[in-house]
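To start, the structure under review is shown below, and the notes come after it.
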Amino acid sequence: MMKVENIIVGAGPFGLSIASHLRENNIEALVIGRPMASWRGHMPTGMILKSETFASNLSDPLSRYNFERFLRLRGTTYRPIGDPLSLSDFIDYADWFRQHAVPEVRDVELINLRRIEDGFELGLGDGSHLWAKRVILATGYLAFRQTPLALGTFPAELVTHTSQHRDLSQFAGKDVTVIGRGQSGLETAALLRERGANVRILVRAANVEWNSDPNAIRSLIARLRRPDAGLGAGWYSLAMSELPTAFFRLPLHKRDRIVRTSWGPSGAWWLKQRVVDKIPVLTSHELSHVVERNGKLELSVQAAGETVRFETDHIIAATGYKVDMKRLAFLDKALQSEIKAFDGSPKLNAAFESSVPGLHFVGVASAQSFGPVMRFVYGTKHAAAILTRHVRSVSQVRPSKIRTGDTAPVGA
Ligand SMILES: Cc1cc2nc3c(=O)[nH]c(=O)nc-3n(C[C@H](O)[C@H](O)[C@H](O)COP(=O)(O)OP(=O)(O)OC[C@H]3O[C@@H](n4cnc5c(N)ncnc54)[C@H](O)[C@@H]3O)c2cc1C
């Protein structure tokens, strides 16, 4: 069995950023997983990122592989804010980052993770096994998707979750109902309409919120009052974007409440014009019951104390994700029972380490500990720096020389 000191599971923004920091510090680390698989396979073609370009950088220790440099090498103008960033550009950027900062990624799935004496055994999708002293789980959102109970039993021809779609043009000419008022629901609805579907959005809340346009000219005073930050403008946002270790020191219940209640559903500023007055948005409409009739779905919806019924060909649940350790199918039962959790999220120490020594969680699974920033790409720089400091201190690695001067062209 091959032995590796540190294994990072998941080659998304968090896994790649952490690998880049460890590598630059001469710390042995192997990344496993298909690079950027959730962005490539589980987000719709034509999607635009909600985060601004400056807040969408993957992290390497010297910020050599940032978006600004990527776009300049490609001959494109870089605007840090107010210039919507497409999914395809983001994936191209992440590929470029990986080629330069983390050239070795093993494209294989983790099937089983169990604890053994002095470390962990990883059973992989190709039948092989690895041994690691430390495992960093950067496996992202996908395992945690939620669908309302009323929709749980229908086949995928009738009901799906937003994460199951890449190509929405398959719905051209169909009647589709999207449930949810977050960015994913609103953007899915806009893309469906633009691809020829008849679409409506069903929203339980009384309204849909839209973020303000960062291109609007703001006075110096207005900018001092609400400075730009990774998670959006404002001092609170700035604190949440930049101080995850201060957030970590708050009492658990307070952290949990902040994570559950802040950065709630809203639409990006550039999306508003593609939805408002173009797509029916049925606010204060709560789905109560769905039945299948002759290959179509009949929805019963509560609105203003009355039951409204209508038919649709397909429902897409844009109902998000909820972290729950029990849904990580690769965790061996014995290992799972050792991970202490609060409301589904692992309890972590200041180095992202769970109650199982040597087992770390980053990304959305660490948001309850380090704040909402860990749900976004912007959190990669913090997670990578903190974890690298920790791994260096426990591995007693000699300080490395950081390589400089890499000027390889885009795509090289
Ligand atoms: C529709 C949508 C739009 C979003 N837009 C933005 C945005 O604009 N800006 C922003 O900052 N954030 C956005 N997010 C949040 C975004 O997903 C996270 O910021 C980011 O992906 C977190 O990176 P990650 O590495 O933790 O997770 P992921 O990007 O999900 O990467 C995790 C990786 O782990 C892999 N993996 C999982 N299980 C295994 C396994 N058993 N073995 C091997 N590999 C495994 C997955 O395949 C995946 O590639 C969006 C999320 C969604 C769903």
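Letters A, B, ... mark the chains of the structure tokens in the order given; residue numbers begin at 1 per chain; ligand numbers begin at 1, in order shown.
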Per-residue nearest contacts chain A to ligand 1, cut-off 7 Å, using only C-alpha atoms and all ligand atoms, as CSV:
```
residue,atom,partner,partner_atom_place_in_ligand_line,distance
A:Val9,CA,ligand 1,43 (C),5.3
A:Gly10,CA,ligand 1,34 (O),3.2
A:Ala11,CA,ligand 1,33 (C),5.0
A:Gly12,CA,ligand 1,31 (O),3.4
A:Pro13,CA,ligand 1,25 (O),4.0
A:Phe14,CA,ligand 1,25 (O),3.8
A:Gly15,CA,ligand 1,25 (O),5.3
A:Ile32,CA,ligand 1,43 (C),5.7
A:Gly33,CA,ligand 1,44 (N),3.7
A:Arg34,CA,ligand 1,49 (O),5.7
A:Pro35,CA,ligand 1,49 (O),5.5
A:Met36,CA,ligand 1,49 (O),4.4
A:Ala37,CA,ligand 1,49 (O),3.8
A:Ser38,CA,ligand 1,49 (O),4.8
A:Trp39,CA,ligand 1,29 (O),6.2
A:Met43,CA,ligand 1,1 (C),5.4
A:Leu49,CA,ligand 1,8 (O),3.5
A:Lys50,CA,ligand 1,8 (O),3.7
A:Ser51,CA,ligand 1,8 (O),4.2
A:Ala55,CA,ligand 1,11 (O),6.9
A:Ser56,CA,ligand 1,11 (O),5.8
A:Val108,CA,ligand 1,43 (C),6.1
A:Glu109,CA,ligand 1,42 (N),3.6
A:Leu110,CA,ligand 1,42 (N),3.8
A:Ile111,CA,ligand 1,41 (N),5.7
A:Ala138,CA,ligand 1,26 (O),5.3
A:Thr139,CA,ligand 1,34 (O),3.5
A:Gly140,CA,ligand 1,27 (O),3.3
A:Tyr141,CA,ligand 1,30 (O),5.0
A:Leu142,CA,ligand 1,30 (O),6.2
A:Ser163,CA,ligand 1,53 (C),6.6
A:Ser184,CA,ligand 1,1 (C),5.2
A:Phe330,CA,ligand 1,41 (N),6.1
A:Val362,CA,ligand 1,26 (O),6.5
A:Gly363,CA,ligand 1,26 (O),3.9
A:Val364,CA,ligand 1,26 (O),6.0
A:Arg375,CA,ligand 1,19 (O),5.2
A:Phe376,CA,ligand 1,19 (O),3.3
A:Val377,CA,ligand 1,11 (O),3.7
A:Tyr378,CA,ligand 1,11 (O),5.7
```
Emit the selected residues as an mmCIF file, in the first residue's frame, including C-alpha atoms.
```cif
data_model
loop_
_atom_site.group_PDB
_atom_site.id
_atom_site.type_symbol
_atom_site.label_atom_id
_atom_site.label_comp_id
_atom_site.auth_asym_id
_atom_site.auth_seq_id
_atom_site.Cartn_x
_atom_site.Cartn_y
_atom_site.Cartn_z
ATOM 1 C CA VAL A 9 -9.518 14.578 -1.097
ATOM 2 C CA GLY A 10 -11.238 16.797 -3.669
ATOM 3 C CA ALA A 11 -9.638 18.856 -6.447
ATOM 4 C CA GLY A 12 -11.963 21.860 -6.272
ATOM 5 C CA PRO A 13 -10.925 25.394 -5.254
ATOM 6 C CA PHE A 14 -10.174 24.424 -1.634
ATOM 7 C CA GLY A 15 -8.276 21.212 -2.386
ATOM 8 C CA ILE A 32 -7.121 12.925 -5.336
ATOM 9 C CA GLY A 33 -10.330 13.601 -7.253
ATOM 10 C CA ARG A 34 -11.404 14.849 -10.683
ATOM 11 C CA PRO A 35 -10.283 18.486 -11.032
ATOM 12 C CA MET A 36 -13.132 20.981 -10.632
ATOM 13 C CA ALA A 37 -15.683 18.192 -11.111
ATOM 14 C CA SER A 38 -18.564 19.948 -9.361
ATOM 15 C CA TRP A 39 -18.090 23.105 -11.457
ATOM 16 C CA MET A 43 -23.493 23.741 -12.843
ATOM 17 C CA LEU A 49 -20.477 33.477 -11.033
ATOM 18 C CA LYS A 50 -22.098 35.470 -8.288
ATOM 19 C CA SER A 51 -18.746 36.369 -6.770
ATOM 20 C CA ALA A 55 -13.101 37.358 -4.934
ATOM 21 C CA SER A 56 -12.800 34.305 -7.193
ATOM 22 C CA VAL A 108 -9.686 8.908 -8.719
ATOM 23 C CA GLU A 109 -12.605 8.823 -6.302
ATOM 24 C CA LEU A 110 -12.355 8.063 -2.605
ATOM 25 C CA ILE A 111 -14.748 5.218 -1.886
ATOM 26 C CA ALA A 138 -12.147 19.142 0.594
ATOM 27 C CA THR A 139 -15.123 17.357 -0.926
ATOM 28 C CA GLY A 140 -17.402 20.368 -1.287
ATOM 29 C CA TYR A 141 -21.181 20.673 -1.456
ATOM 30 C CA LEU A 142 -22.544 17.927 -3.615
ATOM 31 C CA SER A 163 -27.034 20.342 -9.187
ATOM 32 C CA SER A 184 -29.131 29.125 -8.270
ATOM 33 C CA PHE A 330 -17.146 7.262 1.929
ATOM 34 C CA VAL A 362 -12.416 22.478 4.777
ATOM 35 C CA GLY A 363 -14.891 24.355 2.583
ATOM 36 C CA VAL A 364 -18.586 24.346 3.408
ATOM 37 C CA ARG A 375 -18.758 28.581 1.664
ATOM 38 C CA PHE A 376 -17.048 30.668 -1.019
ATOM 39 C CA VAL A 377 -13.891 30.552 -3.111
ATOM 40 C CA TYR A 378 -12.715 33.593 -1.158
#
```
Neighbour list for range 242-259 of chain A as a ChimeraX atom specification, cut-off 10 Å, only C-alpha atoms, skip fewer than 3 positions in-chain: /A:229-231,237-239,262-264,342-343,345,347-351,367-375,378-379,381-383,386
Could you turn the residues from that selection into a file that holds N, CA and C atoms, as a short mmCIF file (atom, residue, chain, number, x, y, z; two decimals), in the first residue's frame?
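Wrote it out as part-v6.cif, contents follow:
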```
data_model
loop_
_atom_site.label_atom_id
_atom_site.label_comp_id
_atom_site.auth_asym_id
_atom_site.auth_seq_id
_atom_site.Cartn_x
_atom_site.Cartn_y
_atom_site.Cartn_z
N ALA A 229 -15.69 44.16 -0.12
CA ALA A 229 -15.09 43.02 0.59
C ALA A 229 -15.39 41.75 -0.19
N GLY A 230 -14.67 40.69 0.16
CA GLY A 230 -14.79 39.42 -0.58
C GLY A 230 -16.21 38.91 -0.64
N LEU A 231 -16.97 39.07 0.43
CA LEU A 231 -18.34 38.54 0.45
C LEU A 231 -19.38 39.61 0.15
N SER A 237 -19.40 42.53 6.38
CA SER A 237 -18.94 41.61 5.35
C SER A 237 -17.41 41.55 5.32
N LEU A 238 -16.78 42.72 5.50
CA LEU A 238 -15.31 42.76 5.51
C LEU A 238 -14.77 41.91 6.66
N ALA A 239 -15.39 42.05 7.84
CA ALA A 239 -14.94 41.26 8.99
C ALA A 239 -15.12 39.76 8.72
N SER A 262 -26.93 34.36 7.92
CA SER A 262 -26.36 35.41 7.07
C SER A 262 -26.06 34.87 5.67
N TRP A 263 -25.94 35.76 4.75
CA TRP A 263 -25.75 35.45 3.33
C TRP A 263 -26.83 34.48 2.87
N GLY A 264 -28.06 34.91 3.15
CA GLY A 264 -29.22 34.12 2.74
C GLY A 264 -29.46 34.27 1.25
N PHE A 342 -22.02 19.07 15.37
CA PHE A 342 -23.11 19.90 15.91
C PHE A 342 -24.01 20.25 14.74
N ASP A 343 -25.26 19.85 14.84
CA ASP A 343 -26.23 20.07 13.77
C ASP A 343 -25.67 19.64 12.40
N SER A 345 -22.62 19.50 11.26
CA SER A 345 -21.28 19.96 10.87
C SER A 345 -20.24 19.43 11.84
N LYS A 347 -17.29 19.30 14.44
CA LYS A 347 -16.67 20.27 15.35
C LYS A 347 -15.18 20.27 15.05
N LEU A 348 -14.64 21.45 14.79
CA LEU A 348 -13.23 21.54 14.37
C LEU A 348 -12.42 22.36 15.35
N ASN A 349 -11.10 22.08 15.39
CA ASN A 349 -10.22 22.94 16.19
C ASN A 349 -9.68 24.07 15.30
N ALA A 350 -8.77 24.86 15.85
CA ALA A 350 -8.30 26.05 15.12
C ALA A 350 -7.51 25.70 13.86
N ALA A 351 -7.23 24.40 13.64
CA ALA A 351 -6.49 23.98 12.45
C ALA A 351 -7.39 23.13 11.54
N ALA A 367 -17.70 25.82 7.62
CA ALA A 367 -18.31 27.15 7.77
C ALA A 367 -18.82 27.38 9.19
N GLN A 368 -19.33 26.36 9.84
CA GLN A 368 -19.84 26.55 11.20
C GLN A 368 -18.68 26.95 12.14
N SER A 369 -17.48 26.54 11.83
CA SER A 369 -16.33 26.88 12.67
C SER A 369 -15.68 28.20 12.27
N PHE A 370 -15.54 28.44 10.96
CA PHE A 370 -14.76 29.61 10.50
C PHE A 370 -15.58 30.67 9.78
N GLY A 371 -16.88 30.44 9.68
CA GLY A 371 -17.75 31.49 9.15
C GLY A 371 -18.15 31.29 7.70
N PRO A 372 -19.10 32.15 7.26
CA PRO A 372 -19.67 32.02 5.91
C PRO A 372 -18.62 32.07 4.81
N VAL A 373 -17.46 32.68 5.05
CA VAL A 373 -16.45 32.79 4.00
C VAL A 373 -16.02 31.41 3.50
N MET A 374 -16.18 30.39 4.34
CA MET A 374 -15.75 29.05 3.92
C MET A 374 -16.72 28.41 2.93
N ARG A 375 -17.84 29.09 2.69
CA ARG A 375 -18.76 28.58 1.66
C ARG A 375 -18.38 29.12 0.28
N TYR A 378 -13.52 32.62 -1.89
CA TYR A 378 -12.72 33.59 -1.16
C TYR A 378 -12.09 32.99 0.11
N GLY A 379 -12.73 31.95 0.65
CA GLY A 379 -12.21 31.33 1.88
C GLY A 379 -10.96 30.50 1.66
N LYS A 381 -7.97 31.18 0.60
CA LYS A 381 -6.69 31.74 1.05
C LYS A 381 -6.52 31.56 2.56
N HIS A 382 -7.62 31.67 3.29
CA HIS A 382 -7.52 31.50 4.75
C HIS A 382 -7.28 30.04 5.11
N ALA A 383 -8.10 29.16 4.54
CA ALA A 383 -7.98 27.73 4.88
C ALA A 383 -6.58 27.22 4.52
N ILE A 386 -3.88 28.66 7.02
CA ILE A 386 -4.00 28.13 8.39
C ILE A 386 -3.54 26.66 8.41
#
```
Distance query Arg204 in chain A at most 9 Å, only C-alpha atoms, self and fewer than 4 positions along chain excluded, as a compact mmCIF listing (two decimals) with N, CA and C atoms, in the first residue's frame:
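Final output, out-v2.txt:
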```
# COMPACT_ATOMS: atom_id res chain seq x y z
N ILE A 179 -38.20 25.86 -7.87
CA ILE A 179 -38.54 26.19 -6.49
C ILE A 179 -37.32 26.77 -5.79
N GLY A 180 -37.44 28.01 -5.30
CA GLY A 180 -36.33 28.61 -4.56
C GLY A 180 -36.00 29.99 -5.07
N ARG A 181 -35.57 30.87 -4.16
CA ARG A 181 -35.31 32.27 -4.55
C ARG A 181 -33.84 32.63 -4.41
N LEU A 282 -43.76 33.65 -8.23
CA LEU A 282 -44.91 33.52 -7.34
C LEU A 282 -44.42 33.52 -5.90
N THR A 283 -44.37 34.72 -5.30
CA THR A 283 -43.92 34.81 -3.90
C THR A 283 -45.05 34.42 -2.96
N SER A 284 -44.70 34.14 -1.70
CA SER A 284 -45.66 33.68 -0.68
C SER A 284 -46.45 32.48 -1.17
N HIS A 285 -45.82 31.63 -1.95
CA HIS A 285 -46.43 30.40 -2.45
C HIS A 285 -45.66 29.22 -1.87
N GLU A 286 -46.34 28.42 -1.08
CA GLU A 286 -45.64 27.29 -0.46
C GLU A 286 -46.18 25.97 -1.00
N LEU A 287 -45.27 25.18 -1.50
CA LEU A 287 -45.63 23.86 -2.07
C LEU A 287 -46.13 22.95 -0.95
N ALA A 303 -51.31 29.61 -0.98
CA ALA A 303 -51.04 31.03 -1.24
C ALA A 303 -52.18 31.85 -0.65
```
If you run DSSP on the backbone here, which positions in range 69-281 of chain A get strand (DSSP E or B)? Please write them as a ChimeraX atom specification. /A:86,105-106,110-116,119-124,129-137,145,159-161,175-179,198-202,210,267,281
Just want the 6 Å neighbourhood of range 151-159 of chain A, counted on only C-alpha atoms, with same-chain residues fewer than 2 positions away dropped. Output as number ranges by chain. A: 148-149, 314-316
For Arg114 in chain A, please output as a list in words all residues within 7 Å (counting only C-alpha atoms; exclusion window: fewer than 2 positions along the same chain). Asn112, Ile116, Phe120, Glu121, Leu122, Leu331, Asp332 and Leu335 of chain A
Do you know which residues are at most 8 Å from range 58-60 of chain A counting only C-alpha atoms, after dropping those on the same chain fewer than 2 positions away, and could you put them as a short mmCIF file (atom, residue, chain, number, x, y, z; two decimals) with N, CA and C atoms, in the first residue's frame?
```cif
data_model
loop_
_atom_site.label_atom_id
_atom_site.label_comp_id
_atom_site.auth_asym_id
_atom_site.auth_seq_id
_atom_site.Cartn_x
_atom_site.Cartn_y
_atom_site.Cartn_z
N PRO A 13 -11.70 24.23 -5.67
CA PRO A 13 -10.93 25.39 -5.25
C PRO A 13 -10.20 25.21 -3.91
N PHE A 14 -10.84 24.59 -2.93
CA PHE A 14 -10.17 24.42 -1.63
C PHE A 14 -9.04 23.41 -1.73
N LEU A 16 -7.29 22.36 -4.29
CA LEU A 16 -6.17 22.82 -5.13
C LEU A 16 -5.37 23.92 -4.42
N SER A 17 -6.08 24.82 -3.75
CA SER A 17 -5.37 25.92 -3.06
C SER A 17 -4.51 25.37 -1.92
N ILE A 18 -5.07 24.46 -1.14
CA ILE A 18 -4.31 23.91 -0.01
C ILE A 18 -3.10 23.13 -0.54
N SER A 20 -1.47 23.66 -3.23
CA SER A 20 -0.46 24.59 -3.73
C SER A 20 0.37 25.16 -2.57
N HIS A 21 -0.29 25.49 -1.47
CA HIS A 21 0.45 26.02 -0.31
C HIS A 21 1.37 24.95 0.29
N SER A 56 -12.70 35.65 -6.63
CA SER A 56 -12.80 34.31 -7.19
C SER A 56 -11.43 33.70 -7.47
N LEU A 62 2.19 32.98 -3.08
CA LEU A 62 2.65 34.30 -3.51
C LEU A 62 1.67 34.99 -4.45
N SER A 63 0.46 34.45 -4.54
CA SER A 63 -0.56 35.00 -5.44
C SER A 63 -0.05 35.16 -6.87
N ARG A 64 0.78 34.21 -7.31
CA ARG A 64 1.28 34.29 -8.69
C ARG A 64 0.21 33.87 -9.69
N TYR A 65 -0.67 32.97 -9.25
CA TYR A 65 -1.64 32.39 -10.19
C TYR A 65 -3.03 32.97 -9.93
N ASN A 66 -3.10 34.27 -9.98
CA ASN A 66 -4.39 34.94 -9.72
C ASN A 66 -5.09 35.27 -11.03
N ALA A 94 -9.18 27.98 -13.39
CA ALA A 94 -8.83 26.95 -12.40
C ALA A 94 -7.92 25.88 -13.03
N PHE A 97 -4.52 27.42 -13.19
CA PHE A 97 -3.97 27.42 -11.82
C PHE A 97 -3.41 26.03 -11.49
N ALA A 101 0.29 25.38 -10.45
CA ALA A 101 0.48 25.35 -8.99
C ALA A 101 0.36 23.95 -8.41
N VAL A 377 -15.27 30.67 -2.64
CA VAL A 377 -13.89 30.55 -3.11
C VAL A 377 -12.98 31.49 -2.31
N TYR A 378 -13.52 32.62 -1.89
CA TYR A 378 -12.72 33.59 -1.16
C TYR A 378 -12.09 32.99 0.11
N THR A 380 -10.61 30.22 0.39
CA THR A 380 -9.48 29.31 0.14
C THR A 380 -8.17 29.86 0.71
N LYS A 381 -7.97 31.18 0.60
CA LYS A 381 -6.69 31.74 1.05
C LYS A 381 -6.52 31.56 2.56
N ALA A 384 -6.08 27.61 3.35
CA ALA A 384 -4.78 27.12 2.89
C ALA A 384 -3.67 27.61 3.82
#
```
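Here the residues within range 138-219 of chain A that DSSP labels alpha helix (DSSP H) on the basis of the backbone are A:Gln183, A:Ser184, A:Gly185, A:Leu186, A:Glu187, A:Thr188, A:Ala189, A:Ala190, A:Leu191, A:Leu192, A:Arg193, A:Glu194.
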With distances taken over only C-alpha atoms, which residue among A:Gln183, A:Asn198, A:Thr307, A:Asn215 lies nearest Ser266 in chain A?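 That would be A:Gln183, the residue with the smallest distance to Ser266 in chain A.
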